[in-house]
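Note sheet for the following structure.
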Amino acid sequence: PVSGAAYNFGAKFGATEELAVELLKTVAAAGFVPSITFHPGTQCTDPNAWASYIREAAVIARRAGVKIRRLNVGGGFPNHRATGVVPQLDATFETIGRVAREAFGAYLPELVCEPGRALCGDAFTLAARVKAVRDDLHVFLNDGLYGSLFELGQIGIIDRIEVLDPQGIRRSGAVHGRICFGPTCDSVDRLPGDVPFPDDIAEGDFVVVHGMGAYSTVTNSRFNGFGELQLVTVLSLKL
């Protein structure tokens, strides 16, 4: 594994170079379509991570003496989670194409990818409701880690957040970090770190979190009866 992802997929999946060579030989000898796949890890923001795995795939193919038909490069393409930090998808795909040509030369395999969250991340926006603000420090929402915000506890918050008052007017106070809890009785139902909220946030406001298309509705556990969702299709939104 190389750095750049939110967490290492290799802790559960994958084969060593030596084992991959033997597997590839076996696949080719059995008459199947020899291919290699890798996954650089969830929310991988470093284009150079793909370069390392592509070069390693070429080494495996050469050691096995097998011309692979396809190379699946993942998996791992990031969605837009941080304000001011746009995923470098163009640079990533340029790196994939260039390094694949360099590594495989005349034996360039067909390239396959799994766009995942990069494709669907901005398909959903989550609107949660503020249930309470206490001590000018703690914010309680009607959604949390047992609901649509589950993955934030795994790989960190999405800070593309807007706060609207009950009339839909955006709060414009100075932004600073708050401790943010979900609605359940469990004290671990807390978003990681400090969540950036305007200082005029108030009970009844809507917290709008963008980029929630990946792993939100599908990981909603509805623990203790919380987590009921209403889905609304928005064709155009102007605030």
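Labeling convention for the structure tokens: chains A, B, ... as they appear, residues from 1 per chain, ligands from 1 in order of appearance.
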Could you give me the residues within range 3-239 of chain A that DSSP places in alpha helix (DSSP H), as a ChimeraX atom specification?
/A:17-29,48-64,89-104,117-120,152-155
Residues of the last selection are to be written out with C-alpha atoms, as a PDB file, in the first residue's frame.
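Below you can see part-v8.pdb, which holds the result:
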ATOM      1  CA  GLU A  17       3.504  -9.632  -5.629  1.00  0.00           C
ATOM      2  CA  GLU A  18       4.687 -13.251  -5.369  1.00  0.00           C
ATOM      3  CA  LEU A  19       1.173 -14.640  -4.978  1.00  0.00           C
ATOM      4  CA  ALA A  20      -0.188 -12.418  -7.764  1.00  0.00           C
ATOM      5  CA  VAL A  21       2.456 -13.796 -10.141  1.00  0.00           C
ATOM      6  CA  GLU A  22       1.408 -17.379  -9.379  1.00  0.00           C
ATOM      7  CA  LEU A  23      -2.282 -16.558  -9.676  1.00  0.00           C
ATOM      8  CA  LEU A  24      -1.748 -14.848 -13.033  1.00  0.00           C
ATOM      9  CA  LYS A  25       0.179 -17.849 -14.365  1.00  0.00           C
ATOM     10  CA  THR A  26      -2.606 -20.168 -13.238  1.00  0.00           C
ATOM     11  CA  VAL A  27      -5.315 -18.032 -14.853  1.00  0.00           C
ATOM     12  CA  ALA A  28      -3.449 -17.885 -18.170  1.00  0.00           C
ATOM     13  CA  ALA A  29      -2.681 -21.616 -18.171  1.00  0.00           C
ATOM     14  CA  ASN A  48       0.613   9.457  -7.858  1.00  0.00           C
ATOM     15  CA  ALA A  49      -0.901   6.577  -5.882  1.00  0.00           C
ATOM     16  CA  TRP A  50      -2.248   5.173  -9.145  1.00  0.00           C
ATOM     17  CA  ALA A  51       1.205   5.408 -10.725  1.00  0.00           C
ATOM     18  CA  SER A  52       2.708   3.145  -8.054  1.00  0.00           C
ATOM     19  CA  TYR A  53       0.067   0.443  -8.472  1.00  0.00           C
ATOM     20  CA  ILE A  54       0.169   0.518 -12.293  1.00  0.00           C
ATOM     21  CA  ARG A  55       3.942   0.063 -12.296  1.00  0.00           C
ATOM     22  CA  GLU A  56       3.601  -2.813  -9.830  1.00  0.00           C
ATOM     23  CA  ALA A  57       0.974  -4.450 -12.066  1.00  0.00           C
ATOM     24  CA  ALA A  58       3.404  -4.285 -14.996  1.00  0.00           C
ATOM     25  CA  VAL A  59       6.124  -5.922 -12.873  1.00  0.00           C
ATOM     26  CA  ILE A  60       3.744  -8.745 -11.916  1.00  0.00           C
ATOM     27  CA  ALA A  61       2.773  -9.347 -15.556  1.00  0.00           C
ATOM     28  CA  ARG A  62       6.411  -9.448 -16.665  1.00  0.00           C
ATOM     29  CA  ARG A  63       7.407 -11.816 -13.864  1.00  0.00           C
ATOM     30  CA  ALA A  64       4.513 -14.116 -14.754  1.00  0.00           C
ATOM     31  CA  LEU A  89      -9.591  13.917 -11.360  1.00  0.00           C
ATOM     32  CA  ASP A  90      -8.115  15.264 -14.616  1.00  0.00           C
ATOM     33  CA  ALA A  91      -4.606  14.905 -13.202  1.00  0.00           C
ATOM     34  CA  THR A  92      -5.433  11.406 -11.967  1.00  0.00           C
ATOM     35  CA  PHE A  93      -6.666  10.193 -15.351  1.00  0.00           C
ATOM     36  CA  GLU A  94      -3.723  11.827 -17.110  1.00  0.00           C
ATOM     37  CA  THR A  95      -1.394   9.999 -14.722  1.00  0.00           C
ATOM     38  CA  ILE A  96      -3.177   6.689 -15.307  1.00  0.00           C
ATOM     39  CA  GLY A  97      -2.908   6.965 -19.093  1.00  0.00           C
ATOM     40  CA  ARG A  98       0.688   8.168 -19.146  1.00  0.00           C
ATOM     41  CA  VAL A  99       2.070   5.701 -16.614  1.00  0.00           C
ATOM     42  CA  ALA A 100       0.183   2.758 -18.156  1.00  0.00           C
ATOM     43  CA  ARG A 101       1.772   3.515 -21.532  1.00  0.00           C
ATOM     44  CA  GLU A 102       5.201   3.850 -19.942  1.00  0.00           C
ATOM     45  CA  ALA A 103       4.910   0.699 -17.829  1.00  0.00           C
ATOM     46  CA  PHE A 104       3.354  -1.663 -20.376  1.00  0.00           C
ATOM     47  CA  ARG A 117     -18.131   8.073  -5.196  1.00  0.00           C
ATOM     48  CA  ALA A 118     -16.473  10.413  -7.699  1.00  0.00           C
ATOM     49  CA  LEU A 119     -19.479   9.846  -9.960  1.00  0.00           C
ATOM     50  CA  CYS A 120     -22.280   9.979  -7.396  1.00  0.00           C
ATOM     51  CA  LEU A 152     -18.095  10.867   8.540  1.00  0.00           C
ATOM     52  CA  GLY A 153     -17.017   8.936  11.616  1.00  0.00           C
ATOM     53  CA  GLN A 154     -14.851   6.717   9.398  1.00  0.00           C
ATOM     54  CA  ILE A 155     -13.055   9.176   7.119  1.00  0.00           C
TER      55      ILE A 155
END
Residues at most 10 Å from Pro196 in chain A, counting only C-alpha atoms, excluding those fewer than 3 positions away in the same chain, as an mmCIF file with N, CA and C atoms, in the first residue's frame?
data_model
loop_
_atom_site.group_PDB
_atom_site.id
_atom_site.type_symbol
_atom_site.label_atom_id
_atom_site.label_comp_id
_atom_site.auth_asym_id
_atom_site.auth_seq_id
_atom_site.Cartn_x
_atom_site.Cartn_y
_atom_site.Cartn_z
ATOM 1 N N ILE A 157 -15.146 14.590 8.436
ATOM 2 C CA ILE A 157 -16.327 15.351 8.054
ATOM 3 C C ILE A 157 -16.216 15.884 6.627
ATOM 4 N N ILE A 158 -17.374 16.133 6.043
ATOM 5 C CA ILE A 158 -17.485 16.962 4.836
ATOM 6 C C ILE A 158 -17.763 18.379 5.330
ATOM 7 N N ASP A 159 -16.870 19.309 5.003
ATOM 8 C CA ASP A 159 -17.078 20.664 5.539
ATOM 9 C C ASP A 159 -17.748 21.608 4.528
ATOM 10 N N ARG A 160 -18.311 21.030 3.468
ATOM 11 C CA ARG A 160 -19.107 21.844 2.533
ATOM 12 C C ARG A 160 -20.507 22.003 3.141
ATOM 13 N N ILE A 161 -20.592 22.868 4.138
ATOM 14 C CA ILE A 161 -21.788 22.983 4.969
ATOM 15 C C ILE A 161 -22.352 24.398 4.873
ATOM 16 N N GLU A 162 -23.661 24.477 4.733
ATOM 17 C CA GLU A 162 -24.371 25.743 4.835
ATOM 18 C C GLU A 162 -25.424 25.607 5.935
ATOM 19 N N ALA A 174 -19.852 34.678 11.822
ATOM 20 C CA ALA A 174 -18.484 34.160 11.751
ATOM 21 C C ALA A 174 -18.493 32.659 12.037
ATOM 22 N N VAL A 175 -17.711 31.926 11.254
ATOM 23 C CA VAL A 175 -17.687 30.465 11.365
ATOM 24 C C VAL A 175 -16.612 30.021 12.343
ATOM 25 N N HIS A 176 -16.988 29.126 13.257
ATOM 26 C CA HIS A 176 -15.984 28.519 14.125
ATOM 27 C C HIS A 176 -16.434 27.105 14.478
ATOM 28 N N GLY A 177 -15.504 26.307 14.967
ATOM 29 C CA GLY A 177 -15.769 24.905 15.215
ATOM 30 C C GLY A 177 -16.677 24.676 16.400
ATOM 31 N N ARG A 178 -17.621 23.734 16.248
ATOM 32 C CA ARG A 178 -18.512 23.336 17.338
ATOM 33 C C ARG A 178 -18.464 21.817 17.490
ATOM 34 N N ILE A 179 -18.766 21.355 18.675
ATOM 35 C CA ILE A 179 -18.980 19.932 18.902
ATOM 36 C C ILE A 179 -20.395 19.610 18.446
ATOM 37 N N CYS A 180 -20.517 18.573 17.602
ATOM 38 C CA CYS A 180 -21.811 18.280 17.000
ATOM 39 C C CYS A 180 -22.229 16.851 17.298
ATOM 40 N N GLY A 193 -14.057 15.613 15.266
ATOM 41 C CA GLY A 193 -13.432 16.932 15.307
ATOM 42 C C GLY A 193 -14.422 18.035 15.630
ATOM 43 N N ASP A 199 -21.669 31.439 13.929
ATOM 44 C CA ASP A 199 -21.954 31.663 15.349
ATOM 45 C C ASP A 199 -23.397 32.076 15.612
#
Considering only C-alpha atoms, can you say which of A:Asp194, A:Glu151, A:Asp122, A:Asp143 comes closest to Arg222 in chain A?
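Selected residue with least distance to Arg222 in chain A: A:Asp143.
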Point-to-point distance in Å for CA of Ser236 in chain A and CA of Phe77 in chain A:
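Spanning CA of Phe77 in chain A to CA of Ser236 in chain A is a straight-line distance of 26.3 Å.
Here the residues within range 150-179 of chain A that DSSP labels strand (DSSP E) on the basis of the backbone are Ile161, Glu162, Val163, Leu164, Val175, His176, Gly177, Arg178 and Ile179 of chain A.
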Residue selection dump (N, CA and C atoms) as a PDB file, in the first residue's frame:
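Final file, part-v3.pdb:
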ATOM      1  N   ILE A 161     -20.592  22.868   4.138  1.00  0.00           N
ATOM      2  CA  ILE A 161     -21.788  22.983   4.969  1.00  0.00           C
ATOM      3  C   ILE A 161     -22.352  24.398   4.873  1.00  0.00           C
ATOM      4  N   GLU A 162     -23.661  24.477   4.733  1.00  0.00           N
ATOM      5  CA  GLU A 162     -24.371  25.743   4.835  1.00  0.00           C
ATOM      6  C   GLU A 162     -25.424  25.607   5.935  1.00  0.00           C
ATOM      7  N   VAL A 163     -25.716  26.702   6.601  1.00  0.00           N
ATOM      8  CA  VAL A 163     -26.765  26.707   7.620  1.00  0.00           C
ATOM      9  C   VAL A 163     -27.813  27.732   7.205  1.00  0.00           C
ATOM     10  N   LEU A 164     -29.071  27.281   7.139  1.00  0.00           N
ATOM     11  CA  LEU A 164     -30.182  28.136   6.742  1.00  0.00           C
ATOM     12  C   LEU A 164     -31.161  28.275   7.900  1.00  0.00           C
ATOM     13  N   VAL A 175     -17.711  31.926  11.254  1.00  0.00           N
ATOM     14  CA  VAL A 175     -17.687  30.465  11.365  1.00  0.00           C
ATOM     15  C   VAL A 175     -16.612  30.021  12.343  1.00  0.00           C
ATOM     16  N   HIS A 176     -16.988  29.126  13.257  1.00  0.00           N
ATOM     17  CA  HIS A 176     -15.984  28.519  14.125  1.00  0.00           C
ATOM     18  C   HIS A 176     -16.434  27.105  14.478  1.00  0.00           C
ATOM     19  N   GLY A 177     -15.504  26.307  14.967  1.00  0.00           N
ATOM     20  CA  GLY A 177     -15.769  24.905  15.215  1.00  0.00           C
ATOM     21  C   GLY A 177     -16.677  24.676  16.400  1.00  0.00           C
ATOM     22  N   ARG A 178     -17.621  23.734  16.248  1.00  0.00           N
ATOM     23  CA  ARG A 178     -18.512  23.336  17.338  1.00  0.00           C
ATOM     24  C   ARG A 178     -18.464  21.817  17.490  1.00  0.00           C
ATOM     25  N   ILE A 179     -18.766  21.355  18.675  1.00  0.00           N
ATOM     26  CA  ILE A 179     -18.980  19.932  18.902  1.00  0.00           C
ATOM     27  C   ILE A 179     -20.395  19.610  18.446  1.00  0.00           C
TER      28      ILE A 179
END
Listing only residues of range 127-192 of chain A within 7 Å of range 201-220 of chain A, what is the closest atom pair and its distance in Å (to one decimal) for each, using only C-alpha atoms, sorted by chain and residue number ascending, as a Markdown table?
| residue | atom | partner | partner_atom | distance |
| --- | --- | --- | --- | --- |
| A:Ala127 | CA | A:Val208 | CA | 4.4 |
| A:Ala128 | CA | A:Val207 | CA | 5.1 |
| A:Arg129 | CA | A:Phe206 | CA | 4.6 |
| A:Val130 | CA | A:Glu203 | CA | 5.1 |
| A:Lys131 | CA | A:Glu203 | CA | 5.4 |
| A:Ala132 | CA | A:Glu203 | CA | 5.0 |
| A:Val133 | CA | A:Glu203 | CA | 6.2 |
| A:Tyr146 | CA | A:Asn220 | CA | 6.2 |
| A:Gly147 | CA | A:Asn220 | CA | 4.1 |
| A:Ser148 | CA | A:Ser216 | CA | 4.3 |
| A:Leu149 | CA | A:Ser216 | CA | 6.1 |
| A:Phe150 | CA | A:Thr219 | CA | 6.4 |
| A:Glu151 | CA | A:Tyr215 | CA | 6.6 |
| A:Arg160 | CA | A:His210 | CA | 5.6 |
| A:Ile161 | CA | A:Val209 | CA | 4.7 |
| A:Glu162 | CA | A:Val208 | CA | 5.1 |
| A:Val163 | CA | A:Val207 | CA | 4.7 |
| A:Leu164 | CA | A:Phe206 | CA | 5.1 |
| A:Asp165 | CA | A:Asp205 | CA | 4.5 |
| A:Pro166 | CA | A:Asp205 | CA | 5.5 |
| A:Arg171 | CA | A:Ile201 | CA | 6.8 |
Find the residues near range 35-39 of chain A: any atom within 6 Å, counting only C-alpha atoms, skip ones fewer than 6 places away on the same chain, and give them as a list in words.
Ile68, Arg69, Arg70, Leu71, Asn72, Val73, Gly74 and Gly75 of chain A
Could you work out how far CA of Thr45 in chain A lies from CA of Ala6 in chain A, giving the answer in Å with one decimal?
8.5 Å
One-decimal distance in Å that lies between CA of Val195 in chain A and CA of Phe181 in chain A
10.1 Å
